[in-house]
$ cat model.txt   # compact mmCIF, C-alpha atoms and all ligand atoms
# COMPACT_ATOMS: atom_id res chain seq x y z
CA MET A 1 -104.60 -41.47 -37.51
CA PHE A 2 -102.70 -40.01 -34.59
CA THR A 3 -101.04 -43.34 -33.84
CA ARG A 4 -99.95 -43.84 -37.47
CA LEU A 5 -98.47 -40.35 -37.64
CA GLN A 6 -96.66 -40.85 -34.34
CA HIS A 7 -95.32 -44.18 -35.58
CA LEU A 8 -94.10 -42.58 -38.79
CA LEU A 9 -92.35 -39.76 -36.91
CA GLN A 10 -90.75 -42.18 -34.51
CA SER A 11 -89.46 -44.43 -37.24
CA THR A 12 -88.17 -41.46 -39.23
CA SER A 13 -86.36 -39.94 -36.27
CA GLY A 14 -85.00 -43.39 -35.47
CA TRP A 15 -83.59 -43.60 -38.99
CA VAL A 16 -82.03 -40.17 -38.67
CA ILE A 17 -80.37 -41.11 -35.39
CA LYS A 18 -79.09 -44.35 -36.91
CA TRP A 19 -77.73 -42.54 -39.98
CA ARG A 20 -76.03 -39.96 -37.75
CA GLN A 21 -74.44 -42.69 -35.64
CA ASN A 22 -73.10 -44.41 -38.76
CA TYR A 23 -71.82 -41.16 -40.16
CA ARG A 24 -70.15 -40.30 -36.84
CA PHE A 25 -68.69 -43.77 -36.60
CA SER A 26 -67.07 -43.59 -40.05
CA ALA A 27 -65.73 -40.06 -39.45
CA ALA A 28 -64.30 -41.12 -36.09
CA SER A 29 -62.70 -44.20 -37.63
CA ALA A 30 -60.94 -42.17 -40.31
CA TYR A 31 -59.71 -39.75 -37.67
CA HIS A 32 -58.41 -42.53 -35.45
CA THR A 33 -56.73 -44.31 -38.33
CA TYR A 34 -54.94 -41.04 -38.92
CA LEU A 35 -54.01 -40.90 -35.22
CA TYR A 36 -52.54 -44.42 -35.25
CA ARG A 37 -50.24 -43.41 -38.06
CA MET A 38 -49.18 -40.18 -36.32
CA ALA A 39 -48.85 -41.48 -32.80
CA ASN A 40 -46.49 -43.99 -31.32
CA LEU A 41 -47.22 -43.36 -27.67
CA LYS A 42 -50.51 -44.49 -26.17
CA PHE A 43 -51.10 -44.63 -22.42
CA ARG A 44 -53.87 -45.67 -20.10
CA ALA A 45 -54.14 -46.12 -16.33
CA ASP A 46 -56.77 -46.87 -13.67
CA VAL A 47 -57.47 -43.12 -13.63
CA LEU A 48 -56.43 -40.48 -16.15
CA PHE A 49 -56.40 -36.93 -14.74
CA THR A 50 -56.32 -34.43 -17.62
CA GLY A 51 -55.39 -31.35 -15.56
CA ARG A 52 -59.09 -30.48 -15.30
CA GLU A 53 -61.07 -33.70 -14.96
CA LEU A 54 -60.96 -37.41 -14.28
CA ARG A 55 -61.28 -40.08 -16.98
CA ASP A 56 -61.59 -43.80 -16.35
CA ASP A 57 -59.47 -46.76 -17.46
CA GLN A 58 -61.23 -46.84 -20.83
CA SER A 59 -59.55 -43.57 -21.89
CA VAL A 60 -56.27 -43.54 -23.78
CA LEU A 61 -53.85 -40.61 -23.92
CA VAL A 62 -52.23 -40.35 -27.36
CA LEU A 63 -48.91 -38.50 -27.88
CA ASP A 64 -46.97 -37.94 -31.10
CA ASP A 65 -43.24 -38.50 -31.65
CA ASP A 66 -42.46 -35.08 -30.13
CA LYS A 67 -44.35 -36.07 -26.93
CA LYS A 68 -47.07 -33.59 -27.87
CA VAL A 69 -50.63 -34.44 -26.89
CA VAL A 70 -52.69 -35.53 -29.92
CA ASP A 71 -55.93 -36.47 -28.16
CA ILE A 72 -57.64 -38.60 -25.54
CA ILE A 73 -59.58 -41.41 -27.22
CA ALA A 74 -61.65 -44.44 -26.19
CA LEU A 75 -59.77 -47.68 -25.56
CA ALA A 76 -62.05 -49.38 -28.11
CA ASP A 77 -60.68 -47.04 -30.81
CA ALA A 78 -57.04 -47.09 -29.70
CA GLY A 79 -55.79 -50.21 -31.47
CA ASP A 80 -52.66 -52.01 -30.27
CA ASP A 81 -49.62 -50.91 -28.27
CA VAL A 82 -51.49 -49.16 -25.48
CA GLN A 83 -49.20 -49.01 -22.42
CA TYR A 84 -51.07 -49.62 -19.17
CA HIS A 85 -49.79 -48.10 -15.90
CA PRO A 86 -51.34 -49.04 -12.56
CA GLY A 87 -52.54 -45.99 -10.60
CA TRP A 88 -53.07 -42.48 -11.99
CA LEU A 89 -51.62 -40.69 -15.02
CA LEU A 90 -51.48 -36.91 -15.08
CA PRO A 91 -49.56 -33.99 -16.64
CA GLY A 92 -46.12 -33.08 -15.24
CA LEU A 93 -46.22 -31.32 -11.85
CA ILE A 94 -45.57 -27.60 -11.39
CA ASN A 95 -43.64 -26.27 -8.38
CA CYS A 96 -44.66 -22.61 -8.05
CA HIS A 97 -42.28 -21.67 -5.24
CA CYS A 98 -38.70 -22.76 -4.66
CA HIS A 99 -35.30 -21.24 -3.85
CA LEU A 100 -32.96 -23.55 -5.75
CA GLU A 101 -29.95 -21.47 -4.65
CA LEU A 102 -30.63 -22.38 -0.98
CA SER A 103 -30.40 -26.15 -1.62
CA HIS A 104 -27.03 -26.37 0.15
CA LEU A 105 -28.75 -25.37 3.43
CA HIS A 106 -30.52 -28.73 3.63
CA LYS A 107 -30.64 -29.87 7.28
CA LEU A 108 -28.72 -26.80 8.49
CA VAL A 109 -31.67 -24.78 9.81
CA PRO A 110 -33.47 -25.94 13.00
CA GLU A 111 -37.21 -26.67 12.75
CA GLN A 112 -40.16 -24.80 14.30
CA THR A 113 -38.26 -21.78 15.56
CA GLY A 114 -40.67 -19.26 13.96
CA LEU A 115 -40.06 -17.13 10.89
CA VAL A 116 -37.88 -14.42 12.50
CA ASP A 117 -35.26 -16.90 13.75
CA PHE A 118 -35.52 -18.87 10.49
CA VAL A 119 -34.73 -15.76 8.40
CA MET A 120 -31.86 -14.77 10.73
CA THR A 121 -30.31 -18.25 10.49
CA VAL A 122 -30.61 -18.36 6.68
CA MET A 123 -29.11 -14.85 6.28
CA LYS A 124 -26.10 -15.93 8.37
CA GLN A 125 -25.58 -19.10 6.29
CA ARG A 126 -25.37 -17.51 2.84
CA HIS A 127 -21.59 -17.50 2.45
CA PHE A 128 -20.75 -20.87 0.91
CA PRO A 129 -18.39 -21.52 -2.04
CA GLU A 130 -20.26 -21.00 -5.32
CA ALA A 131 -19.26 -24.45 -6.60
CA GLU A 132 -20.90 -26.05 -3.56
CA ILE A 133 -24.08 -24.00 -4.10
CA GLN A 134 -24.22 -25.01 -7.77
CA GLN A 135 -23.65 -28.68 -6.98
CA ALA A 136 -26.44 -28.66 -4.40
CA SER A 137 -28.75 -26.82 -6.85
CA GLU A 138 -28.16 -29.43 -9.53
CA ALA A 139 -28.81 -32.30 -7.11
CA ALA A 140 -32.02 -30.56 -5.99
CA GLU A 141 -33.13 -30.21 -9.62
CA GLN A 142 -32.49 -33.93 -10.16
CA GLN A 143 -34.64 -34.66 -7.13
CA MET A 144 -37.47 -32.55 -8.56
CA LEU A 145 -37.19 -34.28 -11.95
CA ARG A 146 -37.45 -37.68 -10.22
CA GLN A 147 -40.55 -36.38 -8.42
CA GLY A 148 -42.34 -35.61 -11.70
CA ILE A 149 -41.83 -31.83 -11.55
CA VAL A 150 -41.50 -30.19 -14.98
CA ALA A 151 -41.51 -26.47 -14.14
CA VAL A 152 -40.46 -24.28 -11.22
CA GLY A 153 -41.12 -20.72 -10.07
CA ASP A 154 -37.70 -20.05 -8.57
CA ILE A 155 -36.66 -17.21 -6.26
CA CYS A 156 -33.18 -15.85 -7.09
CA ASN A 157 -31.11 -13.51 -4.94
CA THR A 158 -28.07 -14.37 -7.07
CA ALA A 159 -27.32 -15.86 -10.50
CA HIS A 160 -25.80 -18.99 -8.89
CA THR A 161 -28.47 -21.22 -10.45
CA LEU A 162 -27.91 -19.93 -13.99
CA PRO A 163 -25.70 -22.88 -15.14
CA VAL A 164 -28.30 -25.40 -13.86
CA LYS A 165 -31.07 -23.55 -15.71
CA GLN A 166 -29.07 -23.20 -18.92
CA ALA A 167 -28.89 -26.99 -19.16
CA GLY A 168 -32.59 -26.86 -20.10
CA ARG A 169 -33.75 -29.96 -18.23
CA MET A 170 -36.72 -28.12 -16.77
CA GLN A 171 -38.79 -24.98 -17.38
CA TYR A 172 -38.13 -22.07 -15.01
CA ARG A 173 -39.71 -18.76 -14.21
CA ASN A 174 -36.98 -16.76 -12.43
CA PHE A 175 -38.15 -14.33 -9.78
CA VAL A 176 -35.21 -12.07 -8.90
CA GLU A 177 -35.96 -11.12 -5.33
CA VAL A 178 -35.12 -7.77 -3.76
CA SER A 179 -35.52 -6.54 -0.19
CA GLY A 180 -34.66 -3.34 1.68
CA PHE A 181 -36.87 -1.79 4.32
CA VAL A 182 -35.01 1.50 4.73
CA PRO A 183 -36.27 3.83 1.95
CA GLN A 184 -32.83 5.45 1.46
CA THR A 185 -31.35 2.12 0.33
CA ALA A 186 -34.00 1.52 -2.39
CA ALA A 187 -31.94 2.65 -5.42
CA MET A 188 -28.85 0.72 -4.31
CA ARG A 189 -30.77 -2.49 -3.51
CA PHE A 190 -32.65 -2.25 -6.79
CA GLN A 191 -29.40 -1.87 -8.76
CA GLN A 192 -28.11 -5.10 -7.18
CA ALA A 193 -31.28 -6.93 -8.25
CA GLU A 194 -31.03 -5.44 -11.74
CA ALA A 195 -27.48 -6.79 -12.06
CA VAL A 196 -28.78 -10.31 -11.30
CA TYR A 197 -31.72 -9.77 -13.68
CA ASN A 198 -29.32 -8.71 -16.44
CA GLN A 199 -27.30 -11.92 -16.07
CA PHE A 200 -30.46 -13.97 -16.70
CA ALA A 201 -31.44 -11.63 -19.56
CA GLN A 202 -28.02 -11.98 -21.21
CA ALA A 203 -28.42 -15.76 -21.00
CA GLY A 204 -31.59 -15.44 -23.11
CA MET A 205 -34.05 -15.77 -20.22
CA GLU A 206 -35.42 -12.22 -20.07
CA GLN A 207 -38.94 -13.28 -21.02
CA GLN A 208 -39.20 -15.66 -18.08
CA THR A 209 -37.43 -13.43 -15.52
CA ALA A 210 -38.84 -10.60 -13.39
CA ILE A 211 -37.72 -8.53 -10.40
CA VAL A 212 -40.03 -9.19 -7.41
CA PRO A 213 -40.41 -8.00 -3.81
CA HIS A 214 -39.33 -10.38 -1.02
CA ALA A 215 -42.23 -9.65 1.37
CA PRO A 216 -44.38 -6.73 2.56
CA TYR A 217 -42.34 -6.39 5.77
CA SER A 218 -38.95 -6.20 4.05
CA VAL A 219 -39.56 -3.77 1.16
CA SER A 220 -39.94 0.02 1.46
CA GLY A 221 -42.53 2.04 -0.46
CA ALA A 222 -39.72 3.50 -2.60
CA LEU A 223 -38.44 0.02 -3.48
CA PHE A 224 -41.98 -1.21 -4.27
CA GLY A 225 -42.20 1.73 -6.72
CA LEU A 226 -39.02 0.67 -8.57
CA ILE A 227 -40.17 -2.96 -8.74
CA ASN A 228 -43.63 -1.94 -9.99
CA ALA A 229 -42.14 0.07 -12.87
CA HIS A 230 -39.50 -2.51 -13.88
CA SER A 231 -41.92 -5.46 -13.75
CA ALA A 232 -44.79 -3.66 -15.54
CA GLY A 233 -46.88 -6.27 -17.34
CA LYS A 234 -44.84 -9.16 -15.90
CA ARG A 235 -46.01 -11.95 -13.62
CA ILE A 236 -44.42 -11.48 -10.20
CA THR A 237 -44.48 -13.26 -6.84
CA MET A 238 -44.14 -12.30 -3.16
CA HIS A 239 -43.98 -14.07 0.21
CA ASN A 240 -47.29 -13.16 1.85
CA GLN A 241 -48.72 -13.36 5.37
CA GLU A 242 -46.48 -16.21 6.46
CA THR A 243 -46.50 -15.36 10.17
CA LEU A 244 -48.58 -13.56 12.78
CA ALA A 245 -45.62 -11.20 13.33
CA GLU A 246 -46.16 -9.85 9.80
CA GLU A 247 -49.81 -9.07 10.54
CA ARG A 248 -48.95 -7.34 13.82
CA PHE A 249 -46.14 -5.36 12.19
CA PHE A 250 -48.70 -3.78 9.85
CA VAL A 251 -51.78 -3.58 12.06
CA ASP A 252 -50.28 -2.09 15.24
CA GLY A 253 -46.48 -2.22 14.82
CA GLN A 254 -46.01 -4.42 17.90
CA SER A 255 -44.17 -7.34 16.34
CA ASP A 256 -41.31 -9.79 16.56
CA PHE A 257 -40.05 -8.22 13.32
CA ARG A 258 -38.63 -5.37 15.41
CA ARG A 259 -36.22 -8.01 16.83
CA LEU A 260 -35.31 -9.02 13.26
CA TYR A 261 -34.31 -5.46 12.33
CA THR A 262 -32.51 -4.87 15.64
CA GLY A 263 -30.64 -8.16 15.05
CA PHE A 264 -29.36 -6.87 11.70
CA GLY A 265 -28.50 -3.46 13.21
CA ILE A 266 -31.15 -1.66 11.12
CA ASP A 267 -32.81 1.42 12.63
CA ILE A 268 -36.54 1.41 11.78
CA SER A 269 -37.57 4.18 14.17
CA PHE A 270 -39.04 5.96 11.09
CA TYR A 271 -41.63 3.19 10.65
CA GLN A 272 -45.32 3.85 11.26
CA ALA A 273 -47.68 0.86 11.08
CA PRO A 274 -50.31 1.56 8.38
CA GLY A 275 -53.08 0.00 10.49
CA LYS A 276 -54.20 -2.55 7.88
CA SER A 277 -53.11 -6.01 6.83
CA SER A 278 -49.76 -6.36 5.05
CA LEU A 279 -51.44 -7.46 1.81
CA GLN A 280 -53.89 -4.58 1.80
CA ALA A 281 -51.07 -2.14 2.54
CA CYS A 282 -48.72 -3.23 -0.25
CA LEU A 283 -50.78 -4.73 -3.12
CA PRO A 284 -51.79 -1.24 -4.43
CA LEU A 285 -48.04 -0.53 -4.82
CA LEU A 286 -47.80 -3.33 -7.41
CA ASN A 287 -50.61 -2.15 -9.68
CA GLN A 288 -48.64 -2.21 -12.96
CA THR A 289 -47.48 -5.82 -12.81
CA GLY A 290 -49.16 -8.61 -14.76
CA GLY A 291 -50.58 -10.56 -11.86
CA ILE A 292 -49.03 -12.04 -8.74
CA VAL A 293 -48.35 -15.40 -7.11
CA LEU A 294 -48.77 -14.86 -3.35
CA VAL A 295 -46.80 -17.42 -1.37
CA HIS A 296 -47.75 -19.05 1.98
CA ASN A 297 -50.92 -17.10 2.94
CA THR A 298 -51.09 -18.84 6.32
CA PHE A 299 -52.55 -15.70 7.96
CA THR A 300 -54.64 -14.44 5.03
CA SER A 301 -58.24 -13.46 5.87
CA GLU A 302 -61.38 -13.47 3.72
CA ALA A 303 -61.22 -9.65 3.67
CA ASP A 304 -57.67 -9.88 2.21
CA ILE A 305 -58.91 -12.23 -0.51
CA ALA A 306 -61.77 -9.87 -1.40
CA PHE A 307 -59.28 -6.99 -1.48
CA ALA A 308 -56.87 -8.86 -3.77
CA LEU A 309 -59.62 -10.00 -6.15
CA GLN A 310 -61.06 -6.50 -6.62
CA THR A 311 -57.76 -5.39 -8.20
CA GLY A 312 -58.90 -7.32 -11.30
CA GLU A 313 -55.36 -8.67 -11.83
CA PRO A 314 -54.72 -12.43 -11.86
CA VAL A 315 -53.92 -13.55 -8.29
CA TYR A 316 -52.64 -17.06 -7.45
CA TRP A 317 -52.39 -18.35 -3.89
CA ALA A 318 -49.37 -20.64 -3.50
CA LEU A 319 -49.33 -23.07 -0.59
CA CYS A 320 -46.11 -24.62 0.76
CA PRO A 321 -47.47 -26.60 3.73
CA ASN A 322 -44.29 -28.58 4.46
CA ALA A 323 -42.33 -25.33 4.86
CA ASN A 324 -45.09 -23.90 7.08
CA ARG A 325 -44.81 -27.03 9.26
CA TYR A 326 -41.00 -26.77 9.27
CA ILE A 327 -40.75 -23.07 10.15
CA GLU A 328 -43.82 -22.27 12.25
CA ASN A 329 -45.68 -25.57 12.70
CA ARG A 330 -48.72 -24.06 10.96
CA MET A 331 -51.02 -25.04 8.10
CA PRO A 332 -52.49 -22.68 5.45
CA PRO A 333 -56.29 -22.08 5.70
CA VAL A 334 -57.18 -24.47 2.86
CA PRO A 335 -60.96 -24.77 3.57
CA MET A 336 -61.32 -20.95 3.63
CA LEU A 337 -59.39 -20.59 0.37
CA LEU A 338 -61.51 -23.32 -1.25
CA LYS A 339 -64.72 -21.69 -0.04
CA ASN A 340 -63.65 -18.45 -1.73
CA GLU A 341 -62.90 -20.32 -5.00
CA VAL A 342 -59.48 -18.71 -5.47
CA ASN A 343 -56.72 -20.03 -7.76
CA ILE A 344 -54.64 -22.27 -5.51
CA VAL A 345 -51.20 -23.53 -6.57
CA LEU A 346 -48.48 -25.49 -4.75
CA GLY A 347 -44.80 -24.98 -3.97
CA THR A 348 -42.07 -26.72 -2.03
CA ASP A 349 -40.13 -23.67 -0.81
CA SER A 350 -36.41 -24.49 -0.41
CA LEU A 351 -34.43 -27.35 1.13
CA ALA A 352 -33.58 -24.88 3.94
CA SER A 353 -37.19 -25.31 5.15
CA ASN A 354 -38.22 -28.69 3.72
CA HIS A 355 -36.98 -32.27 3.90
CA GLN A 356 -37.54 -32.79 0.16
CA LEU A 357 -38.62 -30.97 -2.99
CA SER A 358 -41.73 -32.97 -3.85
CA ILE A 359 -45.16 -31.66 -4.82
CA LEU A 360 -46.61 -35.11 -4.05
CA SER A 361 -45.34 -34.75 -0.46
CA GLU A 362 -47.03 -31.30 -0.20
CA ILE A 363 -50.31 -32.91 -1.36
CA GLN A 364 -49.90 -35.71 1.21
CA THR A 365 -49.44 -33.11 3.97
CA ILE A 366 -52.61 -31.26 2.94
CA SER A 367 -54.50 -34.59 2.78
CA ARG A 368 -53.40 -35.45 6.32
CA HIS A 369 -54.72 -32.16 7.71
CA TYR A 370 -57.71 -31.67 5.40
CA PRO A 371 -58.85 -35.16 4.30
CA GLU A 372 -62.03 -33.66 2.84
CA VAL A 373 -60.14 -32.04 -0.06
CA PRO A 374 -60.48 -34.36 -3.12
CA LEU A 375 -57.22 -35.62 -4.64
CA HIS A 376 -58.12 -34.40 -8.14
CA THR A 377 -58.69 -30.87 -6.77
CA MET A 378 -55.15 -30.80 -5.36
CA LEU A 379 -53.79 -32.30 -8.59
CA GLN A 380 -55.36 -29.42 -10.54
CA TRP A 381 -53.51 -26.98 -8.23
CA ALA A 382 -50.32 -28.93 -8.99
CA THR A 383 -50.79 -29.04 -12.79
CA LEU A 384 -53.06 -26.65 -14.72
CA ASN A 385 -53.31 -23.94 -12.05
CA GLY A 386 -49.54 -24.00 -11.50
CA ALA A 387 -48.83 -23.73 -15.23
CA GLN A 388 -51.22 -20.76 -15.48
CA ALA A 389 -49.63 -19.07 -12.46
CA LEU A 390 -46.17 -19.28 -14.07
CA GLY A 391 -47.50 -18.28 -17.51
CA LEU A 392 -46.49 -21.66 -18.94
CA ASP A 393 -49.95 -23.05 -19.71
CA ALA A 394 -49.55 -22.83 -23.50
CA LEU A 395 -47.17 -25.79 -23.15
CA LEU A 396 -47.72 -27.39 -19.74
CA GLY A 397 -50.34 -28.28 -17.14
CA SER A 398 -52.99 -30.30 -19.04
CA PHE A 399 -53.52 -32.95 -21.70
CA ASP A 400 -54.94 -30.49 -24.23
CA PRO A 401 -53.94 -31.21 -27.86
CA GLY A 402 -50.69 -29.51 -28.85
CA LYS A 403 -49.24 -29.20 -25.34
CA GLN A 404 -46.05 -31.01 -24.20
CA PRO A 405 -46.85 -31.32 -20.48
CA GLY A 406 -44.93 -34.53 -19.71
CA VAL A 407 -46.71 -37.55 -18.27
CA VAL A 408 -46.48 -38.54 -14.60
CA ASN A 409 -47.61 -41.77 -12.95
CA ILE A 410 -48.79 -41.79 -9.32
CA THR A 411 -49.14 -45.16 -7.62
CA GLY A 412 -50.42 -45.98 -4.14
CA VAL A 413 -53.88 -44.42 -4.57
CA GLU A 414 -56.89 -46.23 -3.11
CA ASN A 415 -60.47 -44.94 -3.42
CA ASN A 416 -59.10 -41.66 -4.77
CA VAL A 417 -56.97 -41.19 -1.62
CA LEU A 418 -53.16 -41.18 -1.51
CA GLN A 419 -51.83 -43.97 0.69
CA ALA A 420 -48.67 -43.74 2.84
CA ASN A 421 -46.76 -45.66 0.14
CA ALA A 422 -47.85 -43.32 -2.68
CA ALA A 423 -45.07 -42.66 -5.17
CA VAL A 424 -44.61 -40.60 -8.31
CA GLN A 425 -42.50 -41.12 -11.39
CA ARG A 426 -42.24 -39.38 -14.69
CA ILE A 427 -42.85 -41.67 -17.66
CA VAL A 428 -42.64 -39.08 -20.47
ZN ZN B 1 -39.78 -18.84 0.03

$ encode --input "model.txt" --output "structure tokens"
Amino acid sequence: MFTRLQHLLQSTSGWVIKWRQNYRFSAASAYHTYLYRMANLKFRADVLFTGRELRDDQSVLVLDDDKKVVDIIALADAGDDVQYHPGWLLPGLINCHCHLELSHLHKLVPEQTGLVDFVMTVMKQRHFPEAEIQQASEAAEQQMLRQGIVAVGDICNTAHTLPVKQAGRMQYRNFVEVSGFVPQTAAMRFQQAEAVYNQFAQAGMEQQTAIVPHAPYSVSGALFGLINAHSAGKRITMHNQETLAEERFFVDGQSDFRRLYTGFGIDISFYQAPGKSSLQACLPLLNQTGGIVLVHNTFTSEADIAFALQTGEPVYWALCPNANRYIENRMPPVPMLLKNEVNIVLGTDSLASNHQLSILSEIQTISRHYPEVPLHTMLQWATLNGAQALGLDALLGSFDPGKQPGVVNITGVENNVLQANAAVQRIV
């Protein structure tokens, strides 16, 4: 009796499963027939990275006529006209930290001098004809486009890059940077930044523009207060813990930064070191903003990370390893950041401190120093995380239906590791 009942149950459940499979199959077919009609772009590769996860060569990315993602479907359901690309396909790359307006300083600043001498050299080189600056900015943008970059978090001390941005070839988040360490200059310095901000606003870019502090060591408490109020609710960015001198300047005041201020003829005899890290000293002064992208973080500690996370605001940790190599011959503490599961993103910094503006090159540098970091982890930093950091993830960063993230092809990958000949090109 027991055996007959068991047999009956098994055969019944088998029938149900079969019926469900048939039903699913017919529903899926109707859906895919609909997709074929809607879509004229179908792509597959050896590996498809969606922004979050890896899919194999049996997955097909389907885009509509507007280059919007429709879906990712199985090759067996994809019909004809599937374009195959050797290597990896992924969403367009996001560069979270650049200074497009410094592109004309390419090859003019000596390498590995340390941050203080780097800053002094750059400050002395700022007076170039505007036409030359704009030409160099446009060439730098072209370079980024060729490298598969679709969006940039760009530091602006001027509105020199406005014509390049108005051409609309790429998405930008403009961070109008202000500095001024002497409290008495705060109102005047802020007015100058506001004038630059207003030029971007008048060009219709107010939504994607915010006034931001340069760095903890170059902004007074009074100036932090003005930035905090103006950028309330807005995503901001700040150079953070790029050099040991910054840490010393805040912890005990004995720092190479004193030479920087003396060099510019600025009296900082009023300054008292707060006795804590730069990040812990200044982050509470930015408590009205809508999250922050902290850039460099080469001297960030686990205590700093815990401090930043307890603010409850979104915090993104941008790494620009090629610039760290160029300026200080350092690397950011990638294993420590990974262990703490923070939101990592990538940037190129400017051509004043880099040989190229390429996110792929930044990933190659991290791979060389930390070969244990999986390629797809770094690609998530460079796509979805970057889009979230810049507030552009409704459109960019992943192959979710409805987004228009662009499609990038990386070749020269073996066993999920970038080879020396790895290259990137944008195909959509
Ligand atoms: Zn920078």

$ closest_residue --input "model.txt" --among "A:Gln280, A:Thr185, A:Asn385, A:Gln425" --to "Ile266 of chain A" --atoms "only C-alpha atoms"
A:Thr185

$ closest_residue --input "model.txt" --among "A:His85, A:Lys276, A:His127, A:Arg325" --to "Ser301 of chain A" --atoms "all atoms listed in the file"
A:Lys276

$ residues_near_ligand --input "model.txt" --ligand "ligand ZN 1 (chain B)" --cutoff "10 Å" --atoms "only C-alpha atoms and all ligand atoms" --output "number ranges by chain"
A: 97-99, 102, 154-155, 214-215, 238-240, 242, 295-296, 320, 323, 347-350, 352-353

$ write_last_selection --input "model.txt" --atoms "C-alpha atoms" --output "PDB file, in the coordinates of the input"
ATOM      1  CA  HIS A  97     -42.280 -21.670  -5.240  1.00  0.00           C
ATOM      2  CA  CYS A  98     -38.700 -22.760  -4.660  1.00  0.00           C
ATOM      3  CA  HIS A  99     -35.300 -21.240  -3.850  1.00  0.00           C
ATOM      4  CA  LEU A 102     -30.630 -22.380  -0.980  1.00  0.00           C
ATOM      5  CA  ASP A 154     -37.700 -20.050  -8.570  1.00  0.00           C
ATOM      6  CA  ILE A 155     -36.660 -17.210  -6.260  1.00  0.00           C
ATOM      7  CA  HIS A 214     -39.330 -10.380  -1.020  1.00  0.00           C
ATOM      8  CA  ALA A 215     -42.230  -9.650   1.370  1.00  0.00           C
ATOM      9  CA  MET A 238     -44.140 -12.300  -3.160  1.00  0.00           C
ATOM     10  CA  HIS A 239     -43.980 -14.070   0.210  1.00  0.00           C
ATOM     11  CA  ASN A 240     -47.290 -13.160   1.850  1.00  0.00           C
ATOM     12  CA  GLU A 242     -46.480 -16.210   6.460  1.00  0.00           C
ATOM     13  CA  VAL A 295     -46.800 -17.420  -1.370  1.00  0.00           C
ATOM     14  CA  HIS A 296     -47.750 -19.050   1.980  1.00  0.00           C
ATOM     15  CA  CYS A 320     -46.110 -24.620   0.760  1.00  0.00           C
ATOM     16  CA  ALA A 323     -42.330 -25.330   4.860  1.00  0.00           C
ATOM     17  CA  GLY A 347     -44.800 -24.980  -3.970  1.00  0.00           C
ATOM     18  CA  THR A 348     -42.070 -26.720  -2.030  1.00  0.00           C
ATOM     19  CA  ASP A 349     -40.130 -23.670  -0.810  1.00  0.00           C
ATOM     20  CA  SER A 350     -36.410 -24.490  -0.410  1.00  0.00           C
ATOM     21  CA  ALA A 352     -33.580 -24.880   3.940  1.00  0.00           C
ATOM     22  CA  SER A 353     -37.190 -25.310   5.150  1.00  0.00           C
TER      23      SER A 353
END

$ closest_residue --input "model.txt" --among "A:Ile94, A:Ile410, A:Leu309, A:Ala245" --to "Trp381 of chain A" --atoms "only C-alpha atoms"
A:Ile94

$ closest_residue --input "model.txt" --among "A:Pro401, A:Gly291, A:Pro274, A:Gly412" --to "Asp64 of chain A" --atoms "all atoms listed in the file"
A:Pro401

$ atom_distance --input "model.txt" --atom1 "atom CA of Ala140 of chain A" --atom2 "atom CA of Tyr316 of chain A"
24.7 Å

$ closest_residue --input "model.txt" --among "A:Leu279, A:Leu285, A:Ala389, A:Ala76" --to "Ala229 of chain A" --atoms "only C-alpha atoms"
A:Leu285
